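Participant: Please read through the structure below; I'll follow up with questions.
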Amino acid sequence: MILIIPGLETDDYHRILAMMPDLTKLNLRFVTPMKDHIFYYMIENNESIRDLHLDSPNLVTDECWRQVFTKIGPRLQSLKLWNLNAAFDDDTAQVMCENCTGIERLKLKYVEKIGDATLTAISSLKTLKYLSLCFLRDTEPEPLLQIISSIGSNLQSLSLEDFNNSDDRLLQSIHEHCHQLTKLRLTNNDLFTDSAVASLFRNWSNPALTYVDFHGLRDVDMSNPAGPPEPVGLASDGFIALMEHSGSNIESLNIASCRHISCGAYETVFAENKQYPHLKELDISFNGNVNDYIAQRILACCPALTKFVVFGCFKIQDLKVPRGVVVVGTVRAKLTVEGILQETV
Amino acid sequence: MWLILVQKVAENIENVEEFGDLPPPVMRRLSQILSRRRAVSSKILNLFLRRTHKELNIYDCARMSTLSPLLVT
């Protein structure tokens with residue numbers, strides 16, 4: 001069988017691979033037209049690719065993925081795939097995990113056909129340092145626990161989005177096994193309890209985190225917006241514990257929609273004597289308790305702040321903003337920037 | 001300063017014949033700007049293809065073309 005590519009000069013993907021044979025990192029997004037034959041060409045001709053980042057290569061078949069992993073898997077250092085729904089199932093992920101023996105960075109986001117079996121397979125990747133997962137299928141909590149217990153000690157970055165069946169055991173497992181994390185993202189879950197979040201951070205042997213994203217850790221009950229008496233998600237105690245643990249180093253913090261954090265907790269965290277010298281980006285959207293006083297305290301305690309996101313914080317009405325800080329999302333609030341009066345809409 | 005220059009190059013990309021000796025971080029920034037404008041076509045892709053460079057970042061490949069191969073047995 002001979003593969004003839006008509007008009008090679010017009011096929012852009014082949015052209016990339018042909019003209020840059022020494023590529024080590026290939027990062028292409030929105031690549032829906034990419035088909036199997038381009039991957040086969042890559043296997044044959046590009047022998048140094050180590051970092052493969054592809055968004056939506058949806059016409060590639062499972063058979064082809066398996067071949068790719070069998071052939072180039074052992075030399076892959078990082079693999080990031082987004083938006084796959086036509087192919088890439090659990091069996092393919094299994095082949096990936098068996099062959100990518102040196103992989104350090106793995107990101108699988110919005111990949112539709114994978115689930116628990118893939119999670120179990122990922123727990124065998126002993127070299128992983130950066131793991132980022134966002135599945136579309138519902139998964140059981142146990143395989144995630146297995147990942148944390150088997151490879152958690154190596155991880156420097158852990159991002160688990162929308163795993164809404166995970167419970168306090170996950171937090172406990174992170175507390176026990178992860179000691180090198182710098183980035184932690186756990187989002188959109190209503191099963192974690194506040195006390196479990198607090199115990200994750202209290203007496204944790206992990207150094208202070210630099211990047212924390214806990215958005216959407218809250219109770220979801222339309223008839224009871226205040227939440228149950230025993231707080232769910234990231235609430236007051238968890239927030240205080242988080243900032244006590246990581247405040248000295250934290251650079252980016254997203255606690256959007258964690259609406260059970262009380263005024264008192266904000267006042268404790270952003271008290272007169274507290275400073276968060278490295279915090280550059282803070283998102284407290286939809287935390288209805290934040291008023292002018294708290295927002296002003298936040299600005300005072302975070303001298304390095306550049307971006308302050310406050311969508312849905314309707315109690316912020318009048319704010320004096322230091323020069324260099326961008327405040328995003330105020331509604332009808334009066335923002336004063338170092339003597340210059342600005343009306344926001 | 002170089003950010004402004006990169007912006008200028010991106011604005012006039014249709015008239016650019018060659019990037020010359022640009023380092024990878026500048027190429028990456030150019031790719032980001034051009035991808036955001038959905039401007040990376042086959043012609044513009046040529047500017048990014050360098051035999052000596054070891055990485056390629058194109059953040060929007062939607063305008064690139066592809067052809068199916070003919071199988072001859």
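Identifiers in this document derive from the order of the structure tokens: chains are assigned A, B, ..., residues are numbered from 1 separately in each chain, and ligands are numbered from 1 in order of occurrence.
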Any idea which chain A residues end up within 12 Å of chain B if we count only C-alpha atoms, as a VMD selection string please?

Facilitator: chain A and resid 1 to 38 40 to 41 46 to 57 59

Participant: For Asp91 of chain A, find every residue with an atom within 9 Å (counting only C-alpha atoms), except residues of its own chain fewer than 3 positions away, and show them as a list of chain:residue names.

Facilitator: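 That gives A:Asp62, A:Arg66, A:Phe88, A:Gln94, A:Val95, A:Met96, A:Ile114, A:Ala117, A:Thr118.
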
Participant: Report as a list of chain:residue names: the residues of segment 234-265 of chain A with a DSSP assignment of alpha helix (DSSP H), based on the backbone of this structure.

Facilitator: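 So, restricting segment 234-265 of chain A to alpha helix (DSSP H), we get A:Ser236, A:Asp237, A:Gly238, A:Phe239, A:Ile240, A:Ala241, A:Leu242, A:Met243, A:Glu244, A:His245, A:Ser246, A:Cys263, A:Gly264, A:Ala265.
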
Participant: Neighbouring residues of Gly152 of chain A were defined as those with any atom within 12 Å, considering only C-alpha atoms; residues of the same chain fewer than 5 positions away were excluded. Please report them as a VMD selection string.

Facilitator: chain A and resid 122 to 131 144 to 147 157 to 159 170 to 181 184 206

Participant: I'd like the neighbourhood of Gly247 of chain A as a list of chain:residue names, where a residue qualifies if any of its atoms comes within 9 Å (using only C-alpha atoms), though same-chain residues fewer than 5 positions away should be ignored.

Facilitator: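 The residues satisfying every condition are A:Ala208, A:Leu209, A:Thr210, A:Leu242, A:Gln275, A:Tyr276, A:Pro277, A:His278, A:Leu279.
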
Participant: Record the distance separating atom CA of Lys8 of chain B and atom CA of Thr306 of chain A, expressed in Å with one decimal.

Facilitator: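 Atom-to-atom, atom CA of Lys8 of chain B to atom CA of Thr306 of chain A, that is 25.9 Å.
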
Participant: Would you please extract all strand (DSSP E) residues from segment 71-260 of chain A, as assigned by DSSP on the backbone, and give them as a ChimeraX atom specification?

Facilitator: /A:78-84,105-111,130-135,157-161,183-187,211-213,252-254

Participant: Go ahead and write the residues just picked, C-alpha atoms, as an mmCIF file, in the first residue's frame.

Facilitator:
data_model
loop_
_atom_site.group_PDB
_atom_site.id
_atom_site.type_symbol
_atom_site.label_atom_id
_atom_site.label_comp_id
_atom_site.auth_asym_id
_atom_site.auth_seq_id
_atom_site.Cartn_x
_atom_site.Cartn_y
_atom_site.Cartn_z
ATOM 1 C CA SER A 78 4.020 15.929 28.086
ATOM 2 C CA LEU A 79 0.669 15.196 26.522
ATOM 3 C CA LYS A 80 -2.256 17.582 26.529
ATOM 4 C CA LEU A 81 -5.507 16.784 24.760
ATOM 5 C CA TRP A 82 -8.688 18.808 24.769
ATOM 6 C CA ASN A 83 -12.172 18.319 23.323
ATOM 7 C CA LEU A 84 -12.299 14.762 22.065
ATOM 8 C CA ARG A 105 2.782 16.242 32.326
ATOM 9 C CA LEU A 106 -0.678 14.972 31.437
ATOM 10 C CA LYS A 107 -3.770 16.981 30.700
ATOM 11 C CA LEU A 108 -7.034 15.453 29.490
ATOM 12 C CA LYS A 109 -9.878 17.928 29.323
ATOM 13 C CA TYR A 110 -13.363 17.453 27.893
ATOM 14 C CA VAL A 111 -12.563 13.968 26.622
ATOM 15 C CA TYR A 130 1.678 17.653 36.595
ATOM 16 C CA LEU A 131 -1.808 16.204 36.301
ATOM 17 C CA SER A 132 -4.871 17.980 35.030
ATOM 18 C CA LEU A 133 -8.177 16.201 34.449
ATOM 19 C CA CYS A 134 -11.654 17.313 33.505
ATOM 20 C CA PHE A 135 -13.955 14.492 32.388
ATOM 21 C CA SER A 157 0.485 20.386 40.182
ATOM 22 C CA LEU A 158 -2.948 18.811 40.579
ATOM 23 C CA SER A 159 -6.052 20.011 38.830
ATOM 24 C CA LEU A 160 -9.298 18.050 39.175
ATOM 25 C CA GLU A 161 -12.247 19.878 37.684
ATOM 26 C CA LYS A 183 -0.749 24.356 42.316
ATOM 27 C CA LEU A 184 -4.050 22.875 43.427
ATOM 28 C CA ARG A 185 -7.348 23.139 41.615
ATOM 29 C CA LEU A 186 -10.504 21.406 42.863
ATOM 30 C CA THR A 187 -13.686 22.837 41.443
ATOM 31 C CA TYR A 211 -1.861 28.755 42.762
ATOM 32 C CA VAL A 212 -5.196 27.791 44.281
ATOM 33 C CA ASP A 213 -8.479 27.460 42.424
ATOM 34 C CA SER A 252 -3.328 33.384 42.329
ATOM 35 C CA LEU A 253 -6.500 32.582 44.239
ATOM 36 C CA ASN A 254 -9.904 31.788 42.801
#

Participant: Would you mind reading off the distance between atom CA of Leu234 of chain A and atom CA of Val327 of chain A, one decimal, in Å?

Facilitator: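 According to the coordinates, atom CA of Leu234 of chain A and atom CA of Val327 of chain A are separated by 23.2 Å.
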
Participant: What is the distance, in Å and to one decimal place, between atom CA of Gly227 of chain A and atom CA of Asn287 of chain A?

Facilitator: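 For atom CA of Gly227 of chain A relative to atom CA of Asn287 of chain A, the distance reads 13.5 Å.
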
Participant: Neighbours of segment 16-23 of chain B within 10 Å (only C-alpha atoms; same-chain residues fewer than 2 positions away dropped), as a PyMOL selection string?

Facilitator: chain B and resi 9-14+25-28+43-44+46-48+50+53

Participant: Next, dump the selected residues to file, keeping only N, CA, C and O atoms, as a compact mmCIF listing (two decimals), in the first residue's frame.

Facilitator:
# COMPACT_ATOMS: atom_id res chain seq x y z
N VAL B 9 3.76 44.35 13.80
CA VAL B 9 3.99 43.29 12.81
C VAL B 9 2.70 42.51 12.60
O VAL B 9 2.30 42.21 11.47
N ALA B 10 2.00 42.21 13.69
CA ALA B 10 0.77 41.43 13.59
C ALA B 10 -0.30 42.19 12.81
O ALA B 10 -1.07 41.61 12.05
N GLU B 11 -0.34 43.51 13.00
CA GLU B 11 -1.34 44.31 12.29
C GLU B 11 -1.11 44.28 10.77
O GLU B 11 -2.05 44.35 9.99
N ASN B 12 0.16 44.23 10.39
CA ASN B 12 0.48 44.29 8.96
C ASN B 12 0.94 42.94 8.42
O ASN B 12 1.76 42.88 7.50
N ILE B 13 0.41 41.87 8.98
CA ILE B 13 0.94 40.55 8.69
C ILE B 13 0.82 40.19 7.21
O ILE B 13 1.64 39.47 6.66
N GLU B 14 -0.21 40.73 6.55
CA GLU B 14 -0.41 40.37 5.14
C GLU B 14 0.75 40.85 4.27
O GLU B 14 1.00 40.32 3.20
N PRO B 25 10.20 33.05 21.85
CA PRO B 25 9.15 33.73 22.63
C PRO B 25 8.39 34.78 21.80
O PRO B 25 7.17 34.93 21.97
N VAL B 26 9.10 35.47 20.91
CA VAL B 26 8.44 36.48 20.07
C VAL B 26 7.54 35.79 19.06
O VAL B 26 6.41 36.23 18.78
N MET B 27 8.02 34.68 18.51
CA MET B 27 7.20 33.91 17.57
C MET B 27 5.91 33.44 18.26
O MET B 27 4.83 33.46 17.67
N ARG B 28 6.06 33.04 19.53
CA ARG B 28 4.90 32.53 20.27
C ARG B 28 3.88 33.65 20.45
O ARG B 28 2.68 33.45 20.29
N LYS B 43 -0.67 30.70 4.07
CA LYS B 43 0.39 31.64 3.72
C LYS B 43 1.11 32.14 4.98
O LYS B 43 2.35 32.20 5.02
N ILE B 44 0.33 32.44 5.99
CA ILE B 44 0.94 32.97 7.21
C ILE B 44 1.66 31.87 7.98
O ILE B 44 2.67 32.12 8.62
N ASN B 46 3.50 29.71 6.76
CA ASN B 46 4.87 29.64 6.22
C ASN B 46 5.87 30.44 7.03
O ASN B 46 7.01 30.05 7.18
N LEU B 47 5.41 31.59 7.55
CA LEU B 47 6.31 32.45 8.30
C LEU B 47 6.81 31.78 9.58
O LEU B 47 7.87 32.11 10.10
N PHE B 48 6.01 30.84 10.08
CA PHE B 48 6.36 30.21 11.37
C PHE B 48 7.20 28.95 11.21
O PHE B 48 7.69 28.40 12.18
N ARG B 50 10.23 27.04 10.68
CA ARG B 50 11.68 27.22 10.70
C ARG B 50 12.34 25.89 10.98
O ARG B 50 12.04 25.26 11.98
N HIS B 53 14.00 25.79 14.48
CA HIS B 53 13.24 25.91 15.73
C HIS B 53 12.73 24.55 16.19
O HIS B 53 12.38 23.70 15.39

Participant: Might you pull out every residue within 10 Å of Gly115 of chain A, with only C-alpha atoms counted and same-chain residues fewer than 3 positions away left off, and present them as a list in words?

Facilitator: Asp89, Asp90, Ala93, Val111, Glu112, Thr118, Leu119, Thr120, Phe135, Leu136, Arg137, Asp138, Thr139, Glu140 and Pro143 of chain A

Participant: Could you list, as an mmCIF file with N, CA and C atoms, in the first residue's frame, every residue within 8 Å of Val328 of chain A, counting only C-alpha atoms and ignoring same-chain residues fewer than 4 positions away?

Facilitator:
data_model
loop_
_atom_site.group_PDB
_atom_site.id
_atom_site.type_symbol
_atom_site.label_atom_id
_atom_site.label_comp_id
_atom_site.auth_asym_id
_atom_site.auth_seq_id
_atom_site.Cartn_x
_atom_site.Cartn_y
_atom_site.Cartn_z
ATOM 1 N N LYS A 307 -5.139 42.041 39.556
ATOM 2 C CA LYS A 307 -6.464 41.756 39.003
ATOM 3 C C LYS A 307 -7.389 41.296 40.129
ATOM 4 N N PHE A 308 -8.513 41.982 40.259
ATOM 5 C CA PHE A 308 -9.442 41.721 41.355
ATOM 6 C C PHE A 308 -10.827 41.536 40.729
ATOM 7 N N VAL A 309 -11.311 40.294 40.725
ATOM 8 C CA VAL A 309 -12.559 39.994 40.020
ATOM 9 C C VAL A 309 -13.699 39.892 41.025
ATOM 10 N N VAL A 310 -14.747 40.689 40.832
ATOM 11 C CA VAL A 310 -15.821 40.765 41.830
ATOM 12 C C VAL A 310 -17.212 40.690 41.199
ATOM 13 N N PHE A 311 -17.384 39.854 40.182
ATOM 14 C CA PHE A 311 -18.723 39.709 39.602
ATOM 15 C C PHE A 311 -19.708 39.290 40.695
#
